[in-house]
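The file structure00.cif comes next; it holds mmCIF, C-alpha atoms.
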```cif
data_input
#
loop_
_atom_site.label_atom_id
_atom_site.label_comp_id
_atom_site.auth_asym_id
_atom_site.auth_seq_id
_atom_site.Cartn_x
_atom_site.Cartn_y
_atom_site.Cartn_z
CA MET T 1 0.00 0.00 0.00
CA VAL T 2 1.37 3.41 -0.97
CA CYS T 3 1.97 5.73 1.94
CA LYS T 4 -0.26 8.82 1.64
CA TYR T 5 2.22 11.64 1.63
CA ARG T 6 3.80 13.80 -1.03
CA VAL T 7 7.45 14.63 -1.73
CA ILE T 8 8.88 17.96 -2.88
CA LEU T 9 12.41 18.18 -4.28
CA SER T 10 13.66 21.77 -4.07
CA ILE T 11 17.14 22.71 -5.29
CA ASP T 12 18.90 26.03 -4.67
CA GLY T 13 20.53 28.06 -7.40
CA GLY T 14 24.28 27.91 -7.54
CA GLY T 15 25.70 27.92 -11.06
CA GLN T 16 28.73 25.67 -11.26
CA LEU T 17 28.14 24.65 -7.65
CA GLY T 18 25.28 22.50 -8.92
CA VAL T 19 27.77 19.65 -8.56
CA ILE T 20 26.72 19.53 -4.88
CA PRO T 21 23.01 18.71 -5.30
CA LEU T 22 23.77 16.39 -8.21
CA ARG T 23 26.15 14.35 -6.06
CA ILE T 24 23.63 14.26 -3.20
CA LEU T 25 20.88 13.17 -5.59
CA ASP T 26 23.19 10.54 -7.03
CA TYR T 27 23.68 9.13 -3.54
CA LEU T 28 19.92 9.09 -2.84
CA HIS T 29 19.17 7.59 -6.26
CA THR T 30 21.71 4.79 -5.77
CA ALA T 31 20.37 3.96 -2.30
CA VAL T 32 16.77 3.81 -3.53
CA THR T 33 17.45 1.82 -6.71
CA ASP T 34 19.63 -0.66 -4.80
CA ALA T 35 16.48 -1.51 -2.86
CA ASP T 36 14.22 -1.53 -5.94
CA SER T 37 15.69 -1.28 -9.44
CA ASP T 38 12.32 -0.23 -10.89
CA LEU T 39 12.38 3.08 -9.01
CA ASP T 40 13.78 6.38 -10.21
CA VAL T 41 13.54 9.98 -9.07
CA THR T 42 10.20 10.58 -10.82
CA SER T 43 8.74 7.63 -8.89
CA TRP T 44 8.95 9.34 -5.54
CA VAL T 45 8.98 13.09 -6.28
CA ASP T 46 5.61 14.80 -6.71
CA VAL T 47 6.82 18.40 -7.07
CA PHE T 48 10.13 19.52 -8.61
CA SER T 49 11.38 23.01 -7.82
CA SER T 50 14.55 24.97 -8.57
CA THR T 51 16.01 28.29 -9.57
CA SER T 52 19.07 29.54 -11.42
CA ALA T 53 21.22 26.97 -13.26
CA SER T 54 19.84 24.20 -11.05
CA SER T 55 16.72 24.37 -13.23
CA ILE T 56 18.78 22.81 -16.02
CA PHE T 57 19.30 19.48 -14.31
CA THR T 58 15.99 19.62 -12.41
CA GLY T 59 14.16 19.83 -15.72
CA ALA T 60 16.30 17.04 -17.13
CA LEU T 61 15.46 14.81 -14.15
CA MET T 62 11.78 15.09 -15.05
CA LEU T 63 12.26 13.74 -18.58
CA LYS T 64 11.09 10.19 -19.28
CA ASP T 65 12.15 7.68 -21.91
CA GLU T 66 9.85 5.56 -24.09
CA ASP T 67 9.36 3.07 -21.25
CA GLY T 68 8.23 5.75 -18.82
CA LYS T 69 11.49 5.65 -16.84
CA SER T 70 13.67 8.65 -16.10
CA LYS T 71 15.69 9.50 -19.18
CA TYR T 72 18.62 10.75 -17.11
CA THR T 73 19.92 9.64 -13.73
CA PRO T 74 21.63 12.10 -11.39
CA LYS T 75 24.93 10.41 -12.29
CA ASP T 76 24.25 11.05 -16.00
CA LEU T 77 23.61 14.71 -15.27
CA LEU T 78 26.67 15.01 -13.06
CA ARG T 79 28.77 13.75 -15.96
CA PHE T 80 26.93 16.10 -18.32
CA TYR T 81 27.58 19.04 -15.98
CA GLU T 82 31.27 18.20 -15.75
CA LYS T 83 31.59 17.76 -19.51
CA ARG T 84 29.42 20.65 -20.73
CA GLY T 85 29.55 23.03 -17.77
CA SER T 86 32.69 24.89 -18.81
CA GLN T 87 31.14 25.34 -22.25
CA MET T 88 27.72 26.51 -21.05
CA PHE T 89 29.06 28.91 -18.45
CA ASN T 90 31.90 30.40 -20.49
CA ARG T 91 31.73 34.07 -19.60
CA ASN T 92 34.30 35.11 -22.17
CA ILE T 93 32.19 34.44 -25.25
CA GLY T 94 30.22 37.69 -24.96
CA ASN T 95 26.54 38.26 -24.30
CA ASP T 96 25.12 38.79 -27.76
CA ALA T 97 21.70 37.12 -27.63
CA SER T 98 21.48 37.10 -31.42
CA ASN T 99 24.56 34.90 -31.71
CA SER T 100 23.26 31.43 -32.55
CA THR T 101 26.50 29.86 -31.33
CA TYR T 102 26.13 31.36 -27.86
CA PRO T 103 27.13 28.36 -25.70
CA LEU T 104 24.38 28.30 -23.08
CA ASN T 105 21.62 28.67 -25.68
CA PHE T 106 23.24 26.16 -28.02
CA VAL T 107 23.67 23.40 -25.45
CA LEU T 108 20.19 23.81 -23.97
CA GLU T 109 18.48 23.86 -27.38
CA HIS T 110 20.51 20.87 -28.56
CA PHE T 111 19.59 18.65 -25.61
CA PHE T 112 16.19 19.97 -24.54
CA GLY T 113 14.77 22.03 -27.41
CA ASP T 114 12.27 19.39 -28.53
CA VAL T 115 10.58 19.09 -25.09
CA SER T 116 7.73 21.41 -24.09
CA LEU T 117 6.38 22.09 -20.61
CA ASN T 118 3.05 20.42 -21.38
CA SER T 119 4.79 17.04 -21.66
CA PHE T 120 5.43 16.78 -17.92
CA LYS T 121 3.09 14.89 -15.61
CA ASN T 122 4.89 15.91 -12.42
CA HIS T 123 4.18 19.27 -10.82
CA PHE T 124 7.05 21.73 -11.18
CA LEU T 125 8.05 25.26 -10.24
CA PHE T 126 11.03 26.97 -11.92
CA VAL T 127 11.83 30.41 -10.50
CA SER T 128 13.19 33.15 -12.74
CA TYR T 129 13.34 36.96 -12.49
CA ASN T 130 11.35 39.30 -14.72
CA LYS T 131 13.84 42.13 -15.20
CA THR T 132 11.31 44.23 -17.10
CA HIS T 133 8.95 44.41 -14.13
CA ASN T 134 11.56 43.79 -11.41
CA GLU T 135 9.80 40.82 -9.85
CA LEU T 136 10.18 37.09 -9.37
CA PHE T 137 8.40 34.93 -11.92
CA SER T 138 7.56 31.23 -11.69
CA PHE T 139 7.20 28.87 -14.62
CA SER T 140 4.88 26.08 -13.50
CA ASN T 141 2.57 23.38 -14.80
CA SER T 142 -0.42 25.53 -13.76
CA LEU T 143 0.66 28.44 -15.97
CA ASP T 144 -1.45 28.04 -19.11
CA ARG T 145 0.17 31.01 -20.80
CA TYR T 146 3.47 29.19 -21.39
CA ARG T 147 2.27 25.61 -21.44
CA ASP T 148 3.73 25.05 -24.94
CA LEU T 149 7.04 26.75 -24.18
CA PRO T 150 10.14 24.59 -24.83
CA LEU T 151 11.92 23.38 -21.70
CA SER T 152 15.16 24.82 -23.08
CA LYS T 153 13.65 28.32 -22.96
CA VAL T 154 12.66 27.93 -19.31
CA MET T 155 16.14 26.67 -18.45
CA ASN T 156 17.55 29.70 -20.24
CA ALA T 157 15.20 32.10 -18.45
CA CYS T 158 16.32 30.73 -15.08
CA SER T 159 20.07 30.55 -15.73
CA ALA T 160 20.83 33.70 -17.74
CA THR T 161 23.01 35.48 -15.18
CA LEU T 162 22.28 39.21 -15.11
CA GLY T 163 25.05 41.19 -16.80
CA LEU T 164 26.89 38.11 -18.05
CA PHE T 165 24.41 36.22 -20.22
CA PRO T 166 21.62 37.53 -22.46
CA PRO T 167 18.10 37.46 -21.01
CA LEU T 168 15.30 35.43 -22.51
CA CYS T 169 12.67 37.71 -24.03
CA LEU T 170 9.05 36.52 -23.85
CA ASP T 171 6.11 38.83 -24.62
CA ASN T 172 8.41 41.87 -24.38
CA ASN T 173 9.59 40.79 -20.93
CA ASP T 174 13.25 39.97 -20.17
CA PHE T 175 13.79 36.97 -17.91
CA VAL T 176 17.11 36.36 -16.13
CA ASP T 177 18.66 34.30 -13.35
CA ALA T 178 17.09 35.19 -9.99
CA LYS T 179 20.08 34.00 -7.96
CA PHE T 180 21.38 37.52 -7.19
CA LEU T 181 18.20 38.04 -5.17
CA PHE T 182 16.58 34.64 -4.65
CA GLN T 183 18.49 31.41 -4.11
CA ASN T 184 16.29 29.05 -2.11
CA PRO T 185 12.85 28.16 -3.60
CA ALA T 186 11.90 25.67 -0.86
CA LEU T 187 9.20 27.73 0.86
CA MET T 188 7.70 28.82 -2.45
CA SER T 189 7.58 25.20 -3.61
CA TYR T 190 5.95 24.12 -0.34
CA GLU T 191 3.23 26.75 -0.70
CA TYR T 192 2.75 25.71 -4.32
CA ALA T 193 2.45 22.03 -3.36
CA ARG T 194 -0.17 22.89 -0.75
CA PHE T 195 -2.37 24.18 -3.57
CA PHE T 196 -2.55 20.62 -4.93
CA TYR T 197 -2.23 18.74 -1.64
CA PRO T 198 -3.93 20.92 1.00
CA THR T 199 -4.24 18.27 3.71
CA GLU T 200 -1.76 15.52 2.85
CA PRO T 201 1.54 15.11 4.73
CA ILE T 202 4.49 16.49 2.78
CA ILE T 203 8.17 15.64 2.86
CA LEU T 204 10.21 18.61 1.68
CA ILE T 205 13.75 17.83 0.51
CA SER T 206 15.72 21.05 0.15
CA ILE T 207 19.25 20.78 -1.27
CA GLY T 208 21.61 23.73 -1.15
CA THR T 209 24.66 24.56 -3.22
CA GLY T 210 27.01 25.37 -0.38
CA GLU T 211 27.15 27.78 2.53
CA PHE T 212 29.98 30.34 2.78
CA SER T 213 30.86 31.58 6.24
CA ASN T 214 32.38 34.84 4.94
CA LYS T 215 29.53 35.88 2.62
CA LYS T 216 26.75 36.43 5.12
CA ASN T 217 25.71 39.84 3.78
CA GLU T 218 24.72 38.75 0.28
CA VAL T 219 21.00 39.22 -0.30
CA SER T 220 20.49 35.76 -1.84
CA LEU T 221 22.31 34.00 1.01
CA GLU T 222 20.35 35.93 3.61
CA GLN T 223 17.17 34.90 1.79
CA SER T 224 18.26 31.28 1.76
CA LYS T 225 18.94 31.25 5.51
CA LYS T 226 15.67 33.05 6.26
CA ILE T 227 13.71 30.48 4.24
CA HIS T 228 15.47 27.63 6.05
CA ASP T 229 14.65 29.10 9.47
CA GLU T 230 11.03 29.69 8.49
CA LEU T 231 10.59 26.11 7.28
CA ILE T 232 12.06 24.78 10.52
CA SER T 233 9.40 26.79 12.34
CA VAL T 234 6.62 25.55 10.05
CA ALA T 235 7.69 21.92 10.55
CA GLU T 236 7.77 22.37 14.33
CA HIS T 237 4.19 23.63 14.39
CA ASP T 238 2.68 21.56 11.60
CA LYS T 239 3.28 17.81 11.80
CA ARG T 240 2.10 17.45 8.21
CA LEU T 241 5.50 18.80 7.08
CA ILE T 242 8.67 16.74 7.39
CA TYR T 243 11.59 18.93 6.39
CA PHE T 244 15.08 17.89 5.28
CA ARG T 245 17.76 20.43 4.41
CA TYR T 246 21.16 19.38 3.01
CA GLN T 247 23.67 22.21 2.80
CA PRO T 248 27.46 21.58 2.98
CA LYS T 249 29.76 24.32 4.22
CA LEU T 250 32.32 25.58 1.72
CA ASP T 251 35.56 27.52 1.92
CA ASP T 252 36.02 30.77 0.01
CA GLU T 253 37.99 28.91 -2.66
CA PHE T 254 34.63 27.95 -4.12
CA CYS T 255 33.26 31.47 -4.40
CA GLU T 256 31.51 31.55 -7.75
CA SER T 257 33.48 34.56 -9.02
CA ASP T 258 36.68 32.50 -8.84
CA PHE T 259 35.25 29.03 -9.36
CA ASN T 260 35.80 26.95 -12.47
CA PHE T 261 35.20 23.35 -13.45
CA THR T 262 38.69 22.23 -12.46
CA HIS T 263 37.39 22.35 -8.88
CA THR T 264 34.73 19.68 -9.33
CA GLU T 265 36.69 16.74 -7.93
CA ARG T 266 37.47 18.68 -4.77
CA LEU T 267 33.84 19.75 -4.54
CA LYS T 268 32.64 16.16 -4.90
CA ASP T 269 35.04 15.09 -2.15
CA ILE T 270 33.58 17.71 0.19
CA THR T 271 30.04 16.61 -0.66
CA ASN T 272 30.95 12.95 -0.10
CA GLN T 273 32.32 13.85 3.32
CA PHE T 274 29.12 15.78 4.07
CA ILE T 275 27.08 12.69 3.18
CA THR T 276 29.24 10.55 5.46
CA ASP T 277 28.97 13.03 8.33
CA ASN T 278 25.19 13.19 7.95
CA LYS T 279 24.55 9.53 7.21
CA PHE T 280 21.75 9.20 9.77
CA LYS T 281 19.88 12.14 8.25
CA PHE T 282 20.12 10.58 4.79
CA GLU T 283 19.09 7.14 6.03
CA GLU T 284 16.01 8.65 7.67
CA LEU T 285 14.98 10.20 4.35
CA ILE T 286 15.65 6.99 2.42
CA GLU T 287 13.35 5.12 4.82
CA PHE T 288 10.57 7.62 4.08
CA ILE T 289 11.09 7.17 0.34
CA ALA T 290 10.94 3.40 0.75
CA LEU T 291 7.61 3.71 2.59
CA LYS T 292 6.16 5.93 -0.11
CA THR T 293 7.10 3.58 -2.92
CA ALA T 294 6.32 0.29 -1.11
#
```
Kindly transcribe the structure held in the file into structure tokens.
Amino acid sequence: MVCKYRVILSIDGGGQLGVIPLRILDYLHTAVTDADSDLDVTSWVDVFSSTSASSIFTGALMLKDEDGKSKYTPKDLLRFYEKRGSQMFNRNIGNDASNSTYPLNFVLEHFFGDVSLNSFKNHFLFVSYNKTHNELFSFSNSLDRYRDLPLSKVMNACSATLGLFPPLCLDNNDFVDAKFLFQNPALMSYEYARFFYPTEPIILISIGTGEFSNKKNEVSLEQSKKIHDELISVAEHDKRLIYFRYQPKLDDEFCESDFNFTHTERLKDITNQFITDNKFKFEELIEFIALKTA
């Protein structure tokens, strides 16, 4: 009998630091499929949520093959990120949106250009920033206006870093990466899930892209911490929410302004150590997933 609760997977924005959530998801995926090879991430996640470049692999995780199984595993996407990341996030190419060889646009259109939002059965929430109106904007399965929009366009709208990559223009509105202001979509995704599941218990899995001890004054990091604290409070007062937050601490060597893809092995080592140090917390989550899919 399937356990009657829902699961949200929410992933912070973090650019190249997306290696962290991909490695954590790879660990969870391996643990779950070792128990049941028929399971994949779309088997136990009801709502997918992300912002910034994390929307690239979150969207990819939702894709299914002809047999209805996940087209990509977290390990596949980790390899993809390592192989294509330096190409997609090359900041030295220029930011001419009319250039058809622009790397971010080219890679996203090549791999995801033939998939539209209306093809997804899972609920999803991808957070971007409408620069024209100076406000957050969410692409979701309940947004009829862009139901036929290609997934590649949404990925572009969420990962086009302001001032470094060209915005995505839709209906005379420019959409860019929201990470400079908004990094953690966990609370927004929880509120969105409650629209569909108003009374059911919810497990919220929130995965960060690293916490820097010396960057406390950045708006996006303050927002991320505030959201985390608020969700702790919600979970304490509402037993229908079970909240997991995975956020490794990072040294300043991984600051995004200086970070490049030669750091990925070191970053994976840190994430592996984080998993080891928090093994009980991961095992608790894996037990919940096993109950849901039993």
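Atom CA of Ile227 of chain T lies 19.3 Å from atom CA of Ile20 of chain T.
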How big is the axis-aligned box around all listed atoms of segment 190-200 of chain T once 8 Å goes on each side, and where's its centre, in Å to one decimal, as lines of an AutoDock Vina configuration file?
```
center_x = 0.9
center_y = 21.1
center_z = -0.6
size_x = 26.2
size_y = 27.2
size_z = 24.6
```
Looking at T:Leu77, T:Leu136, T:Val107, T:Ala235, which one is nearest to Thr51 of chain T, with distances taken over all atoms listed in the file?
T:Leu136
Test item: residues at most 6 Å from segment 54-71 of chain T, only C-alpha atoms, excluding those fewer than 4 positions along its chain, as number ranges by chain
T: 13, 50, 155
Have a look at atom CA of Asp46 of chain T and atom CA of Leu9 of chain T and let me know their distance in Å, one decimal.
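Answer for the atom CA of Asp46 of chain T to atom CA of Leu9 of chain T separation: 8.0 Å.
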Quick one: apply the PyMOL selection byres ((chain T and resi 220) around 7) to the file and drop the selected residues here as a PyMOL selection string.
chain T and resi 179-183+218-219+221-224
The PyMOL selection byres ((chain T and resi 187) around 10) - which residues does that actually catch in the file I just gave you? List them as a VMD selection string.
chain T and resid 10 184 to 186 188 to 193 204 206 224 226 to 228 230 to 231 234
Could you write out as a list in words the residues that the PyMOL selection byres ((chain T and resi 290) around 10) matches in the shown file?
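So the PyMOL selection byres ((chain T and resi 290) around 10) ends up selecting Val2, Cys3, Ala31, Val32, Ala35, Asp36, Leu39, Trp44, Leu285, Ile286, Glu287, Phe288, Ile289, Leu291, Lys292, Thr293 and Ala294 of chain T.
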Report, in Å to a single decimal, how far apart atom CA of Ile207 of chain T and atom CA of Lys268 of chain T are.
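Interatomic distance here is 14.6 Å.
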